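S.K.: What follows is input_2.pdb; its format and atoms are PDB, C-alpha atoms.
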```pdb
ATOM      1  CA  MET R1150      16.644  -2.699  10.832
ATOM      2  CA  VAL R1151      17.198  -6.451  11.019
ATOM      3  CA  PRO R1152      20.916  -7.076  11.045
ATOM      4  CA  TRP R1153      22.516  -9.283   8.432
ATOM      5  CA  PHE R1154      26.167 -10.005   8.139
ATOM      6  CA  TYR R1155      28.785 -10.640   5.534
ATOM      7  CA  LEU R1156      30.688 -13.338   7.376
ATOM      8  CA  ALA R1157      33.379 -15.621   6.017
ATOM      9  CA  GLY R1158      32.337 -14.783   2.460
ATOM     10  CA  LYS R1159      28.691 -15.699   2.964
ATOM     11  CA  MET R1160      25.627 -13.651   3.789
ATOM     12  CA  VAL R1161      24.149 -14.892   7.013
ATOM     13  CA  ILE R1162      21.068 -13.943   8.946
ATOM     14  CA  GLY R1163      21.236 -13.516  12.665
ATOM     15  CA  SER R1164      20.089 -11.411  15.566
ATOM     16  CA  SER R1165      23.617 -10.978  16.873
ATOM     17  CA  LYS R1166      27.109 -11.590  15.613
ATOM     18  CA  LYS R1167      27.883 -13.853  18.584
ATOM     19  CA  VAL R1168      24.889 -16.062  17.892
ATOM     20  CA  VAL R1169      25.797 -16.297  14.241
ATOM     21  CA  ALA R1170      29.440 -17.073  14.971
ATOM     22  CA  ASP R1171      28.460 -19.849  17.412
ATOM     23  CA  GLN R1172      26.121 -21.373  14.872
ATOM     24  CA  ILE R1173      28.461 -21.032  11.885
ATOM     25  CA  GLU R1174      28.180 -24.764  11.097
ATOM     26  CA  GLU R1175      24.426 -24.435  10.644
ATOM     27  CA  VAL R1176      24.540 -21.304   8.516
ATOM     28  CA  ARG R1177      22.524 -21.611   5.326
ATOM     29  CA  ARG R1178      23.768 -20.033   2.134
ATOM     30  CA  ILE R1179      21.488 -17.372   0.737
ATOM     31  CA  CYS R1180      20.753 -18.003  -2.957
ATOM     32  CA  ALA R1181      19.650 -15.509  -5.581
ATOM     33  CA  LEU R1182      18.436 -15.794  -9.165
ATOM     34  CA  VAL R1183      19.056 -12.931 -11.622
ATOM     35  CA  VAL R1184      16.513 -13.024 -14.447
ATOM     36  CA  ASP R1185      17.334 -10.650 -17.325
ATOM     37  CA  ASP R1186      17.726 -10.927 -21.092
ATOM     38  CA  ASP R1187      20.593  -8.402 -21.014
ATOM     39  CA  PRO R1188      23.905 -10.232 -20.395
ATOM     40  CA  LEU R1189      25.409  -6.999 -19.087
ATOM     41  CA  VAL R1190      22.743  -6.645 -16.399
ATOM     42  CA  ARG R1191      23.058 -10.322 -15.456
ATOM     43  CA  ARG R1192      26.807  -9.817 -14.963
ATOM     44  CA  ILE R1193      26.519  -6.574 -12.987
ATOM     45  CA  HIS R1194      23.621  -7.611 -10.748
ATOM     46  CA  GLY R1195      25.221 -11.020 -10.206
ATOM     47  CA  MET R1196      28.443  -9.324  -9.156
ATOM     48  CA  LEU R1197      26.622  -6.927  -6.829
ATOM     49  CA  LEU R1198      24.865  -9.798  -5.064
ATOM     50  CA  ALA R1199      28.027 -11.890  -4.882
ATOM     51  CA  ARG R1200      29.799  -8.912  -3.285
ATOM     52  CA  TYR R1201      27.379  -9.254  -0.361
ATOM     53  CA  GLY R1202      27.993 -12.972  -0.100
ATOM     54  CA  LEU R1203      25.020 -14.401  -1.994
ATOM     55  CA  GLU R1204      25.315 -17.462  -4.190
ATOM     56  CA  THR R1205      23.879 -16.470  -7.561
ATOM     57  CA  GLU R1206      22.512 -18.067 -10.710
ATOM     58  CA  ALA R1207      21.172 -16.450 -13.849
ATOM     59  CA  ALA R1208      18.316 -16.953 -16.306
ATOM     60  CA  GLU R1209      17.826 -15.196 -19.655
ATOM     61  CA  ASN R1210      14.046 -14.977 -19.548
ATOM     62  CA  GLY R1211      10.996 -15.725 -17.426
ATOM     63  CA  LYS R1212      10.522 -19.208 -18.831
ATOM     64  CA  GLU R1213      14.052 -20.232 -17.844
ATOM     65  CA  ALA R1214      13.382 -18.905 -14.348
ATOM     66  CA  VAL R1215      10.132 -20.862 -14.053
ATOM     67  CA  ASP R1216      11.844 -24.005 -15.388
ATOM     68  CA  LEU R1217      14.548 -23.676 -12.720
ATOM     69  CA  PHE R1218      11.921 -23.651  -9.980
ATOM     70  CA  LEU R1219      10.049 -26.541 -11.653
ATOM     71  CA  SER R1220      13.301 -28.541 -11.650
ATOM     72  CA  GLY R1221      13.325 -28.332  -7.864
ATOM     73  CA  LYS R1222      15.745 -25.475  -7.357
ATOM     74  CA  THR R1223      14.960 -22.912  -4.698
ATOM     75  CA  PHE R1224      16.083 -19.320  -4.362
ATOM     76  CA  ASP R1225      15.651 -16.901  -1.487
ATOM     77  CA  LEU R1226      15.729 -13.894  -3.791
ATOM     78  CA  VAL R1227      14.786 -13.376  -7.451
ATOM     79  CA  LEU R1228      15.689 -10.222  -9.350
ATOM     80  CA  MET R1229      13.127 -10.241 -12.172
ATOM     81  CA  ASP R1230      13.452  -8.003 -15.223
ATOM     82  CA  MET R1231      10.134  -6.720 -16.553
ATOM     83  CA  GLU R1232      10.686  -6.868 -20.312
ATOM     84  CA  MET R1233      12.096 -10.099 -21.688
ATOM     85  CA  PRO R1234      11.452 -12.262 -24.755
ATOM     86  CA  VAL R1235       9.774 -15.706 -24.542
ATOM     87  CA  MET R1236       8.199 -14.941 -21.136
ATOM     88  CA  ASP R1237       8.323 -11.487 -19.562
ATOM     89  CA  GLY R1238       8.667 -10.656 -15.875
ATOM     90  CA  LEU R1239       4.955 -10.108 -15.296
ATOM     91  CA  GLN R1240       4.003 -13.528 -16.672
ATOM     92  CA  ALA R1241       6.889 -15.248 -14.900
ATOM     93  CA  THR R1242       6.053 -13.666 -11.521
ATOM     94  CA  GLN R1243       2.366 -14.610 -11.860
ATOM     95  CA  ARG R1244       3.366 -18.135 -12.778
ATOM     96  CA  LEU R1245       5.798 -18.492  -9.863
ATOM     97  CA  ARG R1246       3.268 -17.176  -7.329
ATOM     98  CA  GLY R1247       0.670 -19.507  -8.834
ATOM     99  CA  MET R1248       3.090 -22.387  -8.236
ATOM    100  CA  GLY R1249       3.286 -21.391  -4.573
ATOM    101  CA  VAL R1250       6.784 -19.909  -4.751
ATOM    102  CA  SER R1251       7.250 -17.703  -1.692
ATOM    103  CA  SER R1252      10.743 -16.405  -2.541
ATOM    104  CA  MET R1253      11.306 -12.678  -2.359
ATOM    105  CA  ILE R1254      10.784 -11.472  -5.941
ATOM    106  CA  VAL R1255      12.069  -8.004  -6.731
ATOM    107  CA  GLY R1256      11.130  -6.517 -10.078
ATOM    108  CA  VAL R1257      13.657  -4.448 -12.013
ATOM    109  CA  THR R1258      12.665  -2.265 -14.917
ATOM    110  CA  ALA R1259      14.388   0.216 -17.192
ATOM    111  CA  ARG R1260      11.144   2.203 -17.367
ATOM    112  CA  GLY R1261      10.286   4.369 -14.373
ATOM    113  CA  LEU R1262       6.628   4.860 -15.293
ATOM    114  CA  GLU R1263       4.454   4.476 -12.164
ATOM    115  CA  ALA R1264       1.585   2.764 -14.006
ATOM    116  CA  GLU R1265       3.926   0.100 -15.379
ATOM    117  CA  LYS R1266       5.570  -0.442 -11.989
ATOM    118  CA  GLU R1267       2.144  -0.775 -10.343
ATOM    119  CA  ALA R1268       1.063  -3.346 -12.928
ATOM    120  CA  PHE R1269       4.290  -5.271 -12.326
ATOM    121  CA  MET R1270       3.822  -5.101  -8.515
ATOM    122  CA  ALA R1271       0.255  -6.409  -8.894
ATOM    123  CA  THR R1272       1.603  -9.708 -10.250
ATOM    124  CA  GLY R1273       3.047 -10.566  -6.834
ATOM    125  CA  LEU R1274       6.350  -8.718  -6.462
ATOM    126  CA  ASP R1275       7.742  -7.787  -3.078
ATOM    127  CA  ALA R1276       9.331  -4.621  -4.477
ATOM    128  CA  CYS R1277      10.124  -2.941  -7.776
ATOM    129  CA  TRP R1278      13.249  -0.932  -8.626
ATOM    130  CA  VAL R1279      14.513   0.936 -11.651
ATOM    131  CA  LYS R1280      17.657  -0.618 -13.088
ATOM    132  CA  PRO R1281      20.574  -0.707 -13.021
ATOM    133  CA  LEU R1282      20.607  -1.411  -9.311
ATOM    134  CA  ASN R1283      23.339   0.170  -7.231
ATOM    135  CA  ALA R1284      24.843  -0.821  -3.892
ATOM    136  CA  GLU R1285      22.294   1.244  -1.965
ATOM    137  CA  ALA R1286      19.393  -0.537  -3.676
ATOM    138  CA  ILE R1287      20.933  -3.954  -3.062
ATOM    139  CA  ILE R1288      21.415  -3.207   0.636
ATOM    140  CA  SER R1289      17.782  -2.115   0.882
ATOM    141  CA  VAL R1290      16.663  -5.335  -0.820
ATOM    142  CA  LEU R1291      18.850  -7.444   1.468
ATOM    143  CA  ASP R1292      17.468  -5.665   4.539
ATOM    144  CA  GLU R1293      13.968  -6.674   3.451
ATOM    145  CA  LEU R1294      15.156 -10.199   2.665
ATOM    146  CA  ALA R1295      16.655 -10.512   6.133
ATOM    147  CA  LYS R1296      13.315  -9.505   7.699
ATOM    148  CA  LYS R1297      11.568 -12.114   5.565
ATOM    149  CA  LEU R1298      13.972 -14.928   6.429
ATOM    150  CA  LEU R1299      14.208 -14.362  10.167
TER     151      LEU R1299
ATOM    152  CA  MET D  66      57.414   7.153 -19.074
ATOM    153  CA  GLU D  67      57.793   6.705 -15.314
ATOM    154  CA  GLY D  68      55.184   5.070 -13.135
ATOM    155  CA  HIS D  69      53.960   8.212 -11.430
ATOM    156  CA  GLN D  70      53.594   9.941 -14.809
ATOM    157  CA  LEU D  71      51.512   7.028 -16.067
ATOM    158  CA  GLN D  72      49.364   7.132 -12.940
ATOM    159  CA  HIS D  73      48.873  10.859 -13.385
ATOM    160  CA  GLN D  74      47.921  10.346 -17.022
ATOM    161  CA  ALA D  75      45.386   7.636 -16.087
ATOM    162  CA  ALA D  76      43.895   9.827 -13.365
ATOM    163  CA  CYS D  77      43.554  12.788 -15.766
ATOM    164  CA  MET D  78      41.923  10.638 -18.439
ATOM    165  CA  ARG D  79      39.471   9.266 -15.913
ATOM    166  CA  LYS D  80      38.623  12.719 -14.559
ATOM    167  CA  ALA D  81      38.077  14.050 -18.081
ATOM    168  CA  LEU D  82      35.584  11.273 -18.851
ATOM    169  CA  PHE D  83      33.451  12.488 -15.939
ATOM    170  CA  ASP D  84      34.073  16.233 -16.330
ATOM    171  CA  GLN D  85      33.209  16.149 -20.038
ATOM    172  CA  GLY D  86      29.952  14.298 -19.300
ATOM    173  CA  TYR D  87      30.800  11.009 -20.967
ATOM    174  CA  LEU D  88      30.322   8.988 -17.767
ATOM    175  CA  ASP D  89      28.116   9.187 -14.677
ATOM    176  CA  ASP D  90      27.961   7.604 -11.209
ATOM    177  CA  GLN D  91      27.067   4.164 -12.571
ATOM    178  CA  PHE D  92      30.699   3.856 -13.768
ATOM    179  CA  LEU D  93      31.808   4.466 -10.168
ATOM    180  CA  GLN D  94      29.515   1.620  -9.070
ATOM    181  CA  LEU D  95      31.306  -0.683 -11.515
ATOM    182  CA  GLU D  96      34.710   0.448 -10.243
ATOM    183  CA  ASP D  97      33.570  -0.326  -6.678
ATOM    184  CA  LEU D  98      32.880  -3.918  -7.711
ATOM    185  CA  GLU D  99      36.492  -4.514  -8.768
ATOM    186  CA  ASP D 100      38.481  -6.527  -6.278
ATOM    187  CA  GLU D 101      41.382  -8.993  -6.191
ATOM    188  CA  ALA D 102      39.173 -11.769  -7.542
ATOM    189  CA  ASN D 103      37.874  -9.552 -10.384
ATOM    190  CA  PRO D 104      40.620  -6.968 -11.032
ATOM    191  CA  ASN D 105      39.463  -6.179 -14.593
ATOM    192  CA  PHE D 106      35.735  -6.168 -13.963
ATOM    193  CA  VAL D 107      35.130  -2.688 -15.422
ATOM    194  CA  GLU D 108      37.033  -3.429 -18.625
ATOM    195  CA  GLU D 109      35.251  -6.793 -18.887
ATOM    196  CA  VAL D 110      31.833  -5.162 -18.534
ATOM    197  CA  VAL D 111      32.663  -2.420 -21.062
ATOM    198  CA  LYS D 112      33.854  -5.044 -23.580
ATOM    199  CA  LEU D 113      30.654  -7.022 -23.005
ATOM    200  CA  TYR D 114      28.631  -3.849 -23.575
ATOM    201  CA  TYR D 115      30.337  -3.043 -26.886
ATOM    202  CA  SER D 116      30.064  -6.584 -28.206
ATOM    203  CA  ASP D 117      26.357  -6.699 -27.273
ATOM    204  CA  SER D 118      25.388  -3.145 -28.276
ATOM    205  CA  ALA D 119      26.445  -3.658 -31.898
ATOM    206  CA  ARG D 120      23.266  -5.685 -32.482
ATOM    207  CA  PHE D 121      21.032  -2.829 -31.223
ATOM    208  CA  ILE D 122      22.651  -0.435 -33.675
ATOM    209  CA  ARG D 123      22.295  -2.966 -36.489
ATOM    210  CA  ASN D 124      18.618  -3.550 -35.661
ATOM    211  CA  ILE D 125      17.885   0.173 -35.604
ATOM    212  CA  GLU D 126      19.595   0.589 -38.990
ATOM    213  CA  LEU D 127      17.536  -2.252 -40.443
ATOM    214  CA  THR D 128      14.311  -0.823 -38.998
ATOM    215  CA  LEU D 129      15.102   2.681 -40.329
ATOM    216  CA  ASP D 130      15.525   1.158 -43.811
ATOM    217  CA  LYS D 131      12.008  -0.267 -43.816
ATOM    218  CA  ASN D 132       8.955   1.480 -45.209
ATOM    219  CA  PRO D 133       6.532   2.311 -43.607
ATOM    220  CA  PHE D 134       8.524   3.349 -40.555
ATOM    221  CA  ASP D 135       7.793   1.423 -37.392
ATOM    222  CA  PHE D 136       8.303   4.089 -34.691
ATOM    223  CA  GLU D 137       7.085   1.760 -31.964
ATOM    224  CA  LYS D 138       9.711  -0.829 -32.854
ATOM    225  CA  LEU D 139      12.402   1.838 -33.109
ATOM    226  CA  ASP D 140      11.446   3.159 -29.682
ATOM    227  CA  ASP D 141      11.532  -0.348 -28.241
ATOM    228  CA  ILE D 142      15.000  -1.171 -29.604
ATOM    229  CA  MET D 143      16.385   2.201 -28.531
ATOM    230  CA  HIS D 144      14.881   1.698 -25.075
ATOM    231  CA  GLN D 145      16.839  -1.556 -24.714
ATOM    232  CA  PHE D 146      20.009   0.095 -26.051
ATOM    233  CA  LYS D 147      19.583   2.996 -23.612
ATOM    234  CA  GLY D 148      19.152   0.571 -20.721
ATOM    235  CA  SER D 149      22.329  -1.239 -21.656
ATOM    236  CA  SER D 150      24.226   2.039 -22.035
ATOM    237  CA  SER D 151      22.977   3.120 -18.595
ATOM    238  CA  SER D 152      24.538   0.003 -17.126
ATOM    239  CA  ILE D 153      28.055   1.261 -17.904
ATOM    240  CA  GLY D 154      27.268   4.862 -16.996
ATOM    241  CA  ALA D 155      27.347   6.193 -20.585
ATOM    242  CA  LYS D 156      25.789   9.579 -19.765
ATOM    243  CA  LYS D 157      26.040  11.460 -23.105
ATOM    244  CA  LEU D 158      24.948   8.379 -25.014
ATOM    245  CA  LYS D 159      21.916   7.983 -22.745
ATOM    246  CA  THR D 160      20.900  11.602 -23.484
ATOM    247  CA  GLU D 161      21.077  11.010 -27.247
ATOM    248  CA  CYS D 162      19.032   7.799 -26.885
ATOM    249  CA  THR D 163      16.350   9.711 -24.968
ATOM    250  CA  GLN D 164      16.247  12.372 -27.712
ATOM    251  CA  PHE D 165      15.795   9.633 -30.325
ATOM    252  CA  GLN D 166      12.891   8.191 -28.345
ATOM    253  CA  GLU D 167      11.277  11.645 -28.163
ATOM    254  CA  TYR D 168      11.352  11.834 -31.977
ATOM    255  CA  CYS D 169       9.860   8.320 -32.174
ATOM    256  CA  LYS D 170       6.965   9.367 -29.941
ATOM    257  CA  ILE D 171       6.030  12.242 -32.274
ATOM    258  CA  GLY D 172       6.734  10.249 -35.426
ATOM    259  CA  ASN D 173       9.520  12.547 -36.670
ATOM    260  CA  PHE D 174      11.593  10.419 -39.081
ATOM    261  CA  GLU D 175      14.137  13.147 -39.943
ATOM    262  CA  GLY D 176      14.693  13.760 -36.238
ATOM    263  CA  CYS D 177      15.216  10.042 -35.682
ATOM    264  CA  MET D 178      17.726   9.795 -38.533
ATOM    265  CA  ARG D 179      19.659  12.865 -37.365
ATOM    266  CA  THR D 180      19.736  11.759 -33.729
ATOM    267  CA  PHE D 181      20.704   8.218 -34.647
ATOM    268  CA  GLN D 182      23.874   9.594 -36.296
ATOM    269  CA  GLU D 183      24.625  11.359 -32.981
ATOM    270  CA  VAL D 184      23.998   8.110 -31.107
ATOM    271  CA  LYS D 185      26.435   6.203 -33.338
ATOM    272  CA  GLN D 186      29.035   8.951 -33.020
ATOM    273  CA  GLU D 187      28.802   9.091 -29.216
ATOM    274  CA  HIS D 188      28.933   5.280 -29.083
ATOM    275  CA  ALA D 189      32.170   5.271 -31.141
ATOM    276  CA  VAL D 190      33.776   8.229 -29.335
ATOM    277  CA  LEU D 191      33.174   6.692 -25.901
ATOM    278  CA  LYS D 192      34.601   3.377 -27.095
ATOM    279  CA  LYS D 193      37.848   5.059 -28.227
ATOM    280  CA  LYS D 194      38.179   7.062 -25.029
ATOM    281  CA  LEU D 195      37.587   4.029 -22.803
ATOM    282  CA  GLU D 196      39.993   1.878 -24.838
ATOM    283  CA  SER D 197      42.705   4.528 -24.453
ATOM    284  CA  TYR D 198      42.014   4.836 -20.744
ATOM    285  CA  PHE D 199      42.174   1.065 -20.171
ATOM    286  CA  GLN D 200      45.468   0.881 -22.129
ATOM    287  CA  VAL D 201      47.090   3.447 -19.845
ATOM    288  CA  PHE D 202      45.512   1.803 -16.813
ATOM    289  CA  LEU D 203      47.067  -1.517 -17.880
ATOM    290  CA  LEU D 204      50.481   0.121 -18.314
ATOM    291  CA  VAL D 205      50.235   1.507 -14.772
ATOM    292  CA  HIS D 206      49.417  -1.967 -13.495
ATOM    293  CA  VAL D 207      52.293  -3.574 -15.451
ATOM    294  CA  TYR D 208      54.712  -0.877 -14.273
ATOM    295  CA  ASN D 209      53.675  -1.418 -10.659
ATOM    296  CA  CYS D 210      54.118  -5.209 -11.011
ATOM    297  CA  VAL D 211      57.588  -4.825 -12.579
ATOM    298  CA  TYR D 212      58.593  -2.258  -9.958
ATOM    299  CA  VAL D 213      57.514  -4.594  -7.141
ATOM    300  CA  CYS D 214      59.415  -7.543  -8.702
ATOM    301  CA  VAL D 215      62.595  -5.463  -9.082
ATOM    302  CA  ASP D 216      62.228  -4.159  -5.543
ATOM    303  CA  VAL D 217      61.808  -7.693  -4.153
ATOM    304  CA  HIS D 218      64.840  -8.885  -6.153
ATOM    305  CA  PHE D 219      67.082  -6.205  -4.649
ATOM    306  CA  VAL D 220      65.758  -6.822  -1.142
ATOM    307  CA  THR D 221      66.334 -10.592  -1.335
ATOM    308  CA  ASN D 222      69.805 -10.146  -2.825
TER     309      ASN D 222
END
```
Re-express the file's structure as structure tokens.

M.R.:
Amino acid sequence: MVPWFYLAGKMVIGSSKKVVADQIEEVRRICALVVDDDPLVRRIHGMLLARYGLETEAAENGKEAVDLFLSGKTFDLVLMDMEMPVMDGLQATQRLRGMGVSSMIVGVTARGLEAEKEAFMATGLDACWVKPLNAEAIISVLDELAKKLL
Amino acid sequence: MEGHQLQHQAACMRKALFDQGYLDDQFLQLEDLEDEANPNFVEEVVKLYYSDSARFIRNIELTLDKNPFDFEKLDDIMHQFKGSSSSIGAKKLKTECTQFQEYCKIGNFEGCMRTFQEVKQEHAVLKKKLESYFQVFLLVHVYNCVYVCVDVHFVTN
């Protein structure tokens, strides 16, 4: 497991606490985007990520998420809901990957059907979870994110 | 009512919500997210849920009034409502939502109507129980704050 740390209120990536502490000035903030049409889910998932030190933003649908990336913003992690109005998670993920976005994109869906999750994964997700996410799921996602960023 | 009695009352109310199947582990997840910066996070999330969920109920009512019945639309709206209810750990409510969706899948209108009444009832019952619980919880908090202030006053004087 690649270690990651909650240090001074920020999530940092490092191979050892000493190395991280010595390089605290150069630590980069990890940013996440929560994409969901449900305001409740945006609040809860945002809070979960913030608890582990991530800086978070939110979007109400896939189009808003794509527009954020088109505006020049970058995110290390995107939590992408599957079913949303305007532009759903499948379309948004395909669009983002088509734009060359290499952020970790984790799909979240209220439906646990394997066929639907497979279709969602095929659009370019790094993982897919059933929502609502809990602390255990978030830690698993962050472990994978740490491996990706190091 | 003394502080410890209030705390006991709050603890009993909370335990009953779990023992009687109204709430599941997701509610515990929300409680874990409360901290000094967000001391009322659970109450905030529950209020957000109830203000948002009213539109799902309204949309289902409007869809049930239409003829012919659109079971696919009903299933879709209820699916969203169930997802939202899951987010606060509303266990009984989630069960009723699932039952409603089962009736949608087989096109049973009477079953949908009957189950929808159960959904609305569970939605209202949980709201009352949570409101009562948060009221007592607030009283405990206020009592503890007053007690600390009085204690500090006597210590400093």

S.K.: One decimal, in Å: what's the spacing between CA of Thr128 (chain D) and CA of Arg1260 (chain R)?

M.R.: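 Pair CA of Thr128 (chain D) / CA of Arg1260 (chain R) returns 22.1 Å.
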
S.K.: Kindly indicate which residue among R:Glu1213, R:Asp1225, R:Glu1265, R:Glu1285 lies nearest to chain D, using only C-alpha atoms for the distances.

M.R.: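 The answer is R:Glu1285, which sits nearest to chain D.
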
S.K.: Quick one: contact table of chain D to chain R, 10 Å max, nearest atom pair and distance in Å to one decimal per residue, counting only C-alpha atoms, chain and number order, as a tab-separated table?

M.R.:
```
residue	atom	partner	partner_atom	distance
D:Asp90	CA	R:Asn1283	CA	9.6
D:Gln91	CA	R:Asn1283	CA	7.6
D:Leu93	CA	R:Asn1283	CA	9.9
D:Gln94	CA	R:Asn1283	CA	6.6
D:Leu95	CA	R:Ile1193	CA	7.7
D:Asp97	CA	R:Ala1284	CA	9.2
D:Leu98	CA	R:Leu1197	CA	7.0
D:Glu99	CA	R:Met1196	CA	9.4
D:Asp100	CA	R:Arg1200	CA	9.5
D:Asn103	CA	R:Met1196	CA	9.5
D:Phe106	CA	R:Ile1193	CA	9.3
D:Val107	CA	R:Ile1193	CA	9.8
D:Glu109	CA	R:Arg1192	CA	9.8
D:Val110	CA	R:Leu1189	CA	6.7
D:Val111	CA	R:Leu1189	CA	8.8
D:Lys112	CA	R:Leu1189	CA	9.8
D:Leu113	CA	R:Leu1189	CA	6.5
D:Tyr114	CA	R:Leu1189	CA	6.4
D:Asp117	CA	R:Pro1188	CA	8.1
D:Ser118	CA	R:Leu1189	CA	10.0
D:His144	CA	R:Ala1259	CA	8.0
D:Gln145	CA	R:Ala1259	CA	8.1
D:Phe146	CA	R:Asp1187	CA	9.9
D:Lys147	CA	R:Ala1259	CA	8.7
D:Gly148	CA	R:Ala1259	CA	5.9
D:Ser149	CA	R:Leu1189	CA	7.0
D:Ser150	CA	R:Leu1189	CA	9.6
D:Ser151	CA	R:Pro1281	CA	7.2
D:Ser152	CA	R:Pro1281	CA	5.8
D:Ile153	CA	R:Leu1189	CA	8.8
D:Gly154	CA	R:Pro1281	CA	9.6
```

S.K.: Take the selection from the previous step and output its residues with C-alpha atoms, as a compact mmCIF listing (two decimals), in the coordinates of the input.

M.R.:
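What ended up in result-v1.txt:
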```
# COMPACT_ATOMS: atom_id res chain seq x y z
CA ASP D 90 27.96 7.60 -11.21
CA GLN D 91 27.07 4.16 -12.57
CA LEU D 93 31.81 4.47 -10.17
CA GLN D 94 29.52 1.62 -9.07
CA LEU D 95 31.31 -0.68 -11.52
CA ASP D 97 33.57 -0.33 -6.68
CA LEU D 98 32.88 -3.92 -7.71
CA GLU D 99 36.49 -4.51 -8.77
CA ASP D 100 38.48 -6.53 -6.28
CA ASN D 103 37.87 -9.55 -10.38
CA PHE D 106 35.74 -6.17 -13.96
CA VAL D 107 35.13 -2.69 -15.42
CA GLU D 109 35.25 -6.79 -18.89
CA VAL D 110 31.83 -5.16 -18.53
CA VAL D 111 32.66 -2.42 -21.06
CA LYS D 112 33.85 -5.04 -23.58
CA LEU D 113 30.65 -7.02 -23.00
CA TYR D 114 28.63 -3.85 -23.58
CA ASP D 117 26.36 -6.70 -27.27
CA SER D 118 25.39 -3.14 -28.28
CA HIS D 144 14.88 1.70 -25.08
CA GLN D 145 16.84 -1.56 -24.71
CA PHE D 146 20.01 0.10 -26.05
CA LYS D 147 19.58 3.00 -23.61
CA GLY D 148 19.15 0.57 -20.72
CA SER D 149 22.33 -1.24 -21.66
CA SER D 150 24.23 2.04 -22.04
CA SER D 151 22.98 3.12 -18.60
CA SER D 152 24.54 0.00 -17.13
CA ILE D 153 28.06 1.26 -17.90
CA GLY D 154 27.27 4.86 -17.00
```

S.K.: Hey, which of R:Val1183, R:Arg1246, R:Thr1272, R:Glu1206 ends up closest to Lys1222 (chain R)? Count only C-alpha atoms.

M.R.: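 Of all the options, R:Glu1206 lies closest to Lys1222 (chain R).
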
S.K.: Quick one: pull the distance between CA of Glu1204 (chain R) and CA of Thr1242 (chain R), Å, one decimal.

M.R.: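 Separation between CA of Glu1204 (chain R) and CA of Thr1242 (chain R): 21.0 Å.
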
S.K.: At what distance in Å, to one decimal, does CA of Leu139 (chain D) lie from CA of Arg120 (chain D)?

M.R.: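 According to the coordinates, CA of Arg120 (chain D) and CA of Leu139 (chain D) are separated by 13.2 Å.
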
S.K.: For this file, the PyMOL selection byres ((chain D and resi 67) around 12) selects which residues, as a list in words?

M.R.: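 Output from the PyMOL selection byres ((chain D and resi 67) around 12), applied to this file: Met66, Gly68, His69, Gln70, Leu71, Gln72, His73, Gln74, Leu204, Val205, Val207, Tyr208, Asn209, Val211 and Tyr212 of chain D.
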
S.K.: Output C-alpha atoms of each residue in that selection to a file, as a compact mmCIF listing (two decimals), in the coordinates of the input.

M.R.:
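Below is the file that was written, again.txt:
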```txt
# COMPACT_ATOMS: atom_id res chain seq x y z
CA MET D 66 57.41 7.15 -19.07
CA GLY D 68 55.18 5.07 -13.14
CA HIS D 69 53.96 8.21 -11.43
CA GLN D 70 53.59 9.94 -14.81
CA LEU D 71 51.51 7.03 -16.07
CA GLN D 72 49.36 7.13 -12.94
CA HIS D 73 48.87 10.86 -13.38
CA GLN D 74 47.92 10.35 -17.02
CA LEU D 204 50.48 0.12 -18.31
CA VAL D 205 50.24 1.51 -14.77
CA VAL D 207 52.29 -3.57 -15.45
CA TYR D 208 54.71 -0.88 -14.27
CA ASN D 209 53.68 -1.42 -10.66
CA VAL D 211 57.59 -4.82 -12.58
CA TYR D 212 58.59 -2.26 -9.96
```

S.K.: Which residues are close to Ala1181 (chain R), i.e. within 6 Å by all atoms listed in the file, leaving aside same-chain residues fewer than 3 positions away? Reply as a short mmCIF file (atom, residue, chain, number, x, y, z; two decimals) with C-alpha atoms, in the frame of the given file.

M.R.:
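Output file selection-v2.cif follows:
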```cif
data_model
loop_
_atom_site.label_atom_id
_atom_site.label_comp_id
_atom_site.auth_asym_id
_atom_site.auth_seq_id
_atom_site.Cartn_x
_atom_site.Cartn_y
_atom_site.Cartn_z
CA THR R 1205 23.88 -16.47 -7.56
CA PHE R 1224 16.08 -19.32 -4.36
CA ASP R 1225 15.65 -16.90 -1.49
CA LEU R 1226 15.73 -13.89 -3.79
CA VAL R 1227 14.79 -13.38 -7.45
#
```

S.K.: Tell me, as a PyMOL selection string, which residues lie within 6 Å of region 162-178 of chain D, counting all atoms listed in the file; anything in the same chain fewer than 2 positions away does not count.

M.R.: chain D and resi 136+140+147+159-160+180-181

S.K.: Hey, can you pull every residue with an atom no more than 12 Å from (9.5, -11.9, -21.2), using all atoms listed in the file, and send it as a compact mmCIF listing (two decimals) with C-alpha atoms, keeping the file's coordinate frame?

M.R.:
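Result file is part.txt:
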```txt
# COMPACT_ATOMS: atom_id res chain seq x y z
CA VAL R 1184 16.51 -13.02 -14.45
CA ASP R 1185 17.33 -10.65 -17.32
CA ASP R 1186 17.73 -10.93 -21.09
CA ASP R 1187 20.59 -8.40 -21.01
CA ALA R 1208 18.32 -16.95 -16.31
CA GLU R 1209 17.83 -15.20 -19.66
CA ASN R 1210 14.05 -14.98 -19.55
CA GLY R 1211 11.00 -15.72 -17.43
CA LYS R 1212 10.52 -19.21 -18.83
CA GLU R 1213 14.05 -20.23 -17.84
CA ALA R 1214 13.38 -18.90 -14.35
CA VAL R 1215 10.13 -20.86 -14.05
CA MET R 1229 13.13 -10.24 -12.17
CA ASP R 1230 13.45 -8.00 -15.22
CA MET R 1231 10.13 -6.72 -16.55
CA GLU R 1232 10.69 -6.87 -20.31
CA MET R 1233 12.10 -10.10 -21.69
CA PRO R 1234 11.45 -12.26 -24.76
CA VAL R 1235 9.77 -15.71 -24.54
CA MET R 1236 8.20 -14.94 -21.14
CA ASP R 1237 8.32 -11.49 -19.56
CA GLY R 1238 8.67 -10.66 -15.88
CA LEU R 1239 4.96 -10.11 -15.30
CA GLN R 1240 4.00 -13.53 -16.67
CA ALA R 1241 6.89 -15.25 -14.90
CA THR R 1242 6.05 -13.67 -11.52
CA THR R 1258 12.66 -2.26 -14.92
```
